[in-house]
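Chemist: Take this structure, written in structure tokens, and hold onto it; I'll ask about it next.
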Amino acid sequence: MDAIQRELLEAVSGLHEIPTGAYNIRADGASIERNSTANIEIIPKADTSGIEIHIKPGTRHESVHIPVIMSQSGLQEVVYNDFYVGDDADVTIIAGCGIHNGGDAASRHDGIHRFFIGKNAHVKYVEKHYGSGDGKGERIMNPVTEIHLGEDSFMEMDTAQIKGVDSTKRENKAHLEAGAKLVVMERLMTHGVQHAESYFDVQLDGEDSAANVVSRSVARDDSYQLFTSHIHGNNRCNGHTECDAIIMDNAKISAVPELSANHVDAALIHEAAIGKIAGEQIIKLMTLGLTEAEAEEQIVSGFLK
């Protein structure tokens with residue numbers, strides 16, 4: 001990998017070098033490094049672009065890295081990755097995509113991830129998106145995530161897009177069986193004329209299933225954001241969705257939380273708040289010696305954490 005690719009790899013996965021354990025590193029449309037372990041097997045798909053990740057039942061405290069980096073201007077690809085997590089497993093999956101575009105043609109990565117999570121399994125899924133480069137070509141990312149949670153399983157999904165992505169449409173769907181729980185934290189910042197759309201559709205099918213979907217975002221300059229979340233309570237269940245956003249400059253934000261109670265014992269809550277930074281917050285930090293711009297950045301940084 002060259003210097004740009006190494007920078008992208010660190011930005012989306014926190015890696016300075018090839019990791020230990022299971023991993024698949026994709027660069028400019030091809031897999032450049034792959035490794036399986038005794039408990040985690042990574043298999044390339046035979047009929048399309050992408051991989052299958054098979055995690056054995058009972059696997060504990062292991063991780064798998066599957067970052068994608070693109071530094072070739074004009075490259076466009078669609079990748080299909082399927083995750084099969086065995087019963088009683090406890091694993092961390094670190095994904096993400098980084099695009100550096102120094103040219104005039106648009107670069108685009110569409111990643112379709114499907115999760116099939118077994119009974120009583122625990123999965124932490126971390127996904128970061130990042131863009132860089134001073135070219136005129138757009139950096140486009142359209143991730144799709146489909147989640148099937150088995151009985152008494154748990155998935156924590158932490159997604160972040162903080163810099164450099166011109167256009168994104170993030171689609172997320174989940175089906176939860178009895179006792180399953182899904183926790184989602186989305187962190188998003190747009191600037192310039194960037195456009196970002198997030199969609200969540202959660203089906204609480206099983207008895208005592210639960211979901212908590214939270215989005216925190218900041219829209220700056222002339223950017224636009226749309227957040228849509230729909231939780232379906234199809235059994236005795238608990239569901240909560242929340243959008244908390246800071247709007248700045250000439251940006252625009254739309255939040256569309258929706259609930260459907262299809263069972264008398266479905267308990268569902270939605271919240272949405274959009275507003276500018278309070279003046280007293282900025283003044284308080286300025287009394288500590290910060291400039292107005294520095295105070296603003298501190299507030300935004302803390303909010304997105």
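Ordering of the structure tokens sets the chain letters (A, B, ...), residue numbers begin anew at 1 in every chain, and ligands are numbered from 1 in the order given.
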Fewer than 4 positions away in the same chain doesn't count, so skip those; otherwise give me all residues within 8 Å of Arg34 in chain A, counting only C-alpha atoms, as number ranges by chain.

Modeler: A: 22-25, 42

Chemist: Would you output that residue set with all heavy atoms, as a PDB file, in the first residue's frame?

Modeler:
ATOM      1  N   ALA A  22      -8.412 -12.438  11.959  1.00  0.00           N
ATOM      2  CA  ALA A  22      -9.075 -12.552  10.660  1.00  0.00           C
ATOM      3  C   ALA A  22      -9.235 -11.169  10.036  1.00  0.00           C
ATOM      4  O   ALA A  22      -9.602 -10.209  10.711  1.00  0.00           O
ATOM      5  CB  ALA A  22     -10.433 -13.213  10.832  1.00  0.00           C
ATOM      6  N   TYR A  23      -8.981 -11.077   8.728  1.00  0.00           N
ATOM      7  CA  TYR A  23      -9.144  -9.794   8.052  1.00  0.00           C
ATOM      8  C   TYR A  23      -9.252  -9.999   6.545  1.00  0.00           C
ATOM      9  O   TYR A  23      -8.802 -11.005   5.984  1.00  0.00           O
ATOM     10  CB  TYR A  23      -7.981  -8.844   8.357  1.00  0.00           C
ATOM     11  CG  TYR A  23      -6.616  -9.376   7.987  1.00  0.00           C
ATOM     12  CD1 TYR A  23      -6.122  -9.270   6.684  1.00  0.00           C
ATOM     13  CD2 TYR A  23      -5.804  -9.966   8.947  1.00  0.00           C
ATOM     14  CE1 TYR A  23      -4.858  -9.756   6.356  1.00  0.00           C
ATOM     15  CE2 TYR A  23      -4.549 -10.458   8.631  1.00  0.00           C
ATOM     16  CZ  TYR A  23      -4.076 -10.345   7.322  1.00  0.00           C
ATOM     17  OH  TYR A  23      -2.838 -10.831   7.001  1.00  0.00           O
ATOM     18  N   ASN A  24      -9.873  -9.020   5.912  1.00  0.00           N
ATOM     19  CA  ASN A  24      -9.905  -8.925   4.452  1.00  0.00           C
ATOM     20  C   ASN A  24      -9.802  -7.448   4.098  1.00  0.00           C
ATOM     21  O   ASN A  24     -10.672  -6.650   4.453  1.00  0.00           O
ATOM     22  CB  ASN A  24     -11.201  -9.504   3.877  1.00  0.00           C
ATOM     23  CG  ASN A  24     -11.197  -9.519   2.357  1.00  0.00           C
ATOM     24  OD1 ASN A  24     -10.718 -10.457   1.734  1.00  0.00           O
ATOM     25  ND2 ASN A  24     -11.735  -8.464   1.738  1.00  0.00           N
ATOM     26  N   ILE A  25      -8.718  -7.054   3.458  1.00  0.00           N
ATOM     27  CA  ILE A  25      -8.496  -5.665   3.084  1.00  0.00           C
ATOM     28  C   ILE A  25      -8.686  -5.531   1.576  1.00  0.00           C
ATOM     29  O   ILE A  25      -8.024  -6.207   0.794  1.00  0.00           O
ATOM     30  CB  ILE A  25      -7.092  -5.194   3.499  1.00  0.00           C
ATOM     31  CG1 ILE A  25      -6.930  -5.325   5.018  1.00  0.00           C
ATOM     32  CG2 ILE A  25      -6.864  -3.755   3.059  1.00  0.00           C
ATOM     33  CD1 ILE A  25      -5.544  -4.994   5.522  1.00  0.00           C
ATOM     34  N   ILE A  42     -12.942 -16.669   6.152  1.00  0.00           N
ATOM     35  CA  ILE A  42     -13.340 -15.689   5.146  1.00  0.00           C
ATOM     36  C   ILE A  42     -13.203 -16.330   3.774  1.00  0.00           C
ATOM     37  O   ILE A  42     -12.122 -16.786   3.394  1.00  0.00           O
ATOM     38  CB  ILE A  42     -12.483 -14.415   5.226  1.00  0.00           C
ATOM     39  CG1 ILE A  42     -12.606 -13.782   6.616  1.00  0.00           C
ATOM     40  CG2 ILE A  42     -12.903 -13.413   4.155  1.00  0.00           C
ATOM     41  CD1 ILE A  42     -11.722 -12.576   6.835  1.00  0.00           C
TER      42      ILE A  42
END

Chemist: Hey, what's within 10 Å of Leu8 in chain A if we count only C-alpha atoms and toss same-chain stuff fewer than 2 positions away? As a PyMOL selection string, please?

Modeler: chain A and resi 3-6+10-16+67-71+96-100+129-132

Chemist: Emit the selected residues as a CSV table (one decimal), in the first residue's frame, including C-alpha atoms.

Modeler:
chain,number,residue,atom,x,y,z
A,3,ALA,CA,1.0,6.5,1.7
A,4,ILE,CA,-2.6,7.5,0.7
A,5,GLN,CA,-3.9,4.0,1.1
A,6,ARG,CA,-2.3,3.7,4.5
A,10,GLU,CA,-6.0,4.1,9.5
A,11,ALA,CA,-9.0,6.6,9.2
A,12,VAL,CA,-11.6,3.9,8.7
A,13,SER,CA,-10.3,1.1,10.8
A,14,GLY,CA,-7.7,2.5,13.2
A,15,LEU,CA,-5.0,0.2,11.7
A,16,HIS,CA,-1.5,1.3,11.1
A,67,PRO,CA,-12.0,-2.3,5.5
A,68,VAL,CA,-12.3,-1.0,1.9
A,69,ILE,CA,-10.1,1.8,0.6
A,70,MET,CA,-10.2,3.5,-2.8
A,71,SER,CA,-7.6,5.9,-4.2
A,96,GLY,CA,-15.6,1.0,6.9
A,97,CYS,CA,-14.8,2.6,3.6
A,98,GLY,CA,-12.3,5.4,2.8
A,99,ILE,CA,-12.2,7.1,-0.6
A,100,HIS,CA,-9.5,9.4,-1.8
A,129,HIS,CA,-16.9,6.3,6.3
A,130,TYR,CA,-14.3,8.9,5.3
A,131,GLY,CA,-13.4,10.9,2.2
A,132,SER,CA,-10.3,12.9,1.2

Chemist: Determine, counting only C-alpha atoms, which protein, DNA and RNA residues have an atom within 12 Å of an atom of Asp205 in chain A; residues of the same chain fewer than 5 positions away are not included. Present the result as JSON, numbers by chain.

Modeler: {"A": [148, 149, 150, 151, 174, 175, 176, 177, 178, 179, 180, 181, 210, 211, 231, 232, 233, 234, 235, 236, 237, 238, 239, 261, 262, 263, 266]}

Chemist: Print the selection's residues with C-alpha atoms to a file, as a PDB file, in the first residue's frame.

Modeler:
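Done, and the output landed in selection-v2.pdb:
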ATOM      1  CA  HIS A 148     -31.330 -11.002  11.150  1.00  0.00           C
ATOM      2  CA  LEU A 149     -31.052 -11.437  14.919  1.00  0.00           C
ATOM      3  CA  GLY A 150     -31.758 -14.880  16.395  1.00  0.00           C
ATOM      4  CA  GLU A 151     -33.312 -15.591  19.784  1.00  0.00           C
ATOM      5  CA  ALA A 174     -33.434  -5.471  10.822  1.00  0.00           C
ATOM      6  CA  HIS A 175     -35.605  -8.411  11.911  1.00  0.00           C
ATOM      7  CA  LEU A 176     -35.486  -9.451  15.571  1.00  0.00           C
ATOM      8  CA  GLU A 177     -36.609 -12.772  17.020  1.00  0.00           C
ATOM      9  CA  ALA A 178     -37.679 -13.410  20.628  1.00  0.00           C
ATOM     10  CA  GLY A 179     -35.452 -11.754  23.234  1.00  0.00           C
ATOM     11  CA  ALA A 180     -33.146 -10.201  20.625  1.00  0.00           C
ATOM     12  CA  LYS A 181     -31.820  -6.670  21.112  1.00  0.00           C
ATOM     13  CA  ALA A 210     -36.032  -4.543  21.775  1.00  0.00           C
ATOM     14  CA  ALA A 211     -34.364  -1.853  19.666  1.00  0.00           C
ATOM     15  CA  ILE A 231     -39.937   0.773  14.121  1.00  0.00           C
ATOM     16  CA  HIS A 232     -42.599  -1.927  13.832  1.00  0.00           C
ATOM     17  CA  GLY A 233     -43.808  -3.480  17.086  1.00  0.00           C
ATOM     18  CA  ASN A 234     -45.163  -6.856  15.962  1.00  0.00           C
ATOM     19  CA  ASN A 235     -45.176  -8.540  19.365  1.00  0.00           C
ATOM     20  CA  ARG A 236     -44.662  -7.707  23.028  1.00  0.00           C
ATOM     21  CA  CYS A 237     -41.565  -5.542  22.635  1.00  0.00           C
ATOM     22  CA  ASN A 238     -39.797  -2.264  23.354  1.00  0.00           C
ATOM     23  CA  GLY A 239     -38.618   0.189  20.713  1.00  0.00           C
ATOM     24  CA  ALA A 261     -47.698  -0.746  16.954  1.00  0.00           C
ATOM     25  CA  ASN A 262     -49.129  -4.006  15.642  1.00  0.00           C
ATOM     26  CA  HIS A 263     -49.526  -5.667  19.043  1.00  0.00           C
ATOM     27  CA  ALA A 266     -45.766  -3.082  21.932  1.00  0.00           C
TER      28      ALA A 266
END

Chemist: Can you tell me how far CA of Ala121 in chain A sits from CA of Asn212 in chain A, in Å to one decimal?

Modeler: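 Answer for the CA of Ala121 in chain A to CA of Asn212 in chain A separation: 17.9 Å.
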
Chemist: Quick one: pull the distance between CA of Glu33 in chain A and CA of Leu75 in chain A, Å, one decimal.

Modeler: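 Separation between CA of Glu33 in chain A and CA of Leu75 in chain A: 19.5 Å.
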
Chemist: Please report, as a ChimeraX atom specification, each residue of range 61-264 of chain A to which DSSP assigns strand (DSSP E or B) when run on this structure's backbone.

Modeler: /A:61-65,68-70,76-85,90-94,97-100,107-117,122-132,139-141,144-149,154-163,167-176,181-190,195-204,209-219,224-233,237-247,252-261
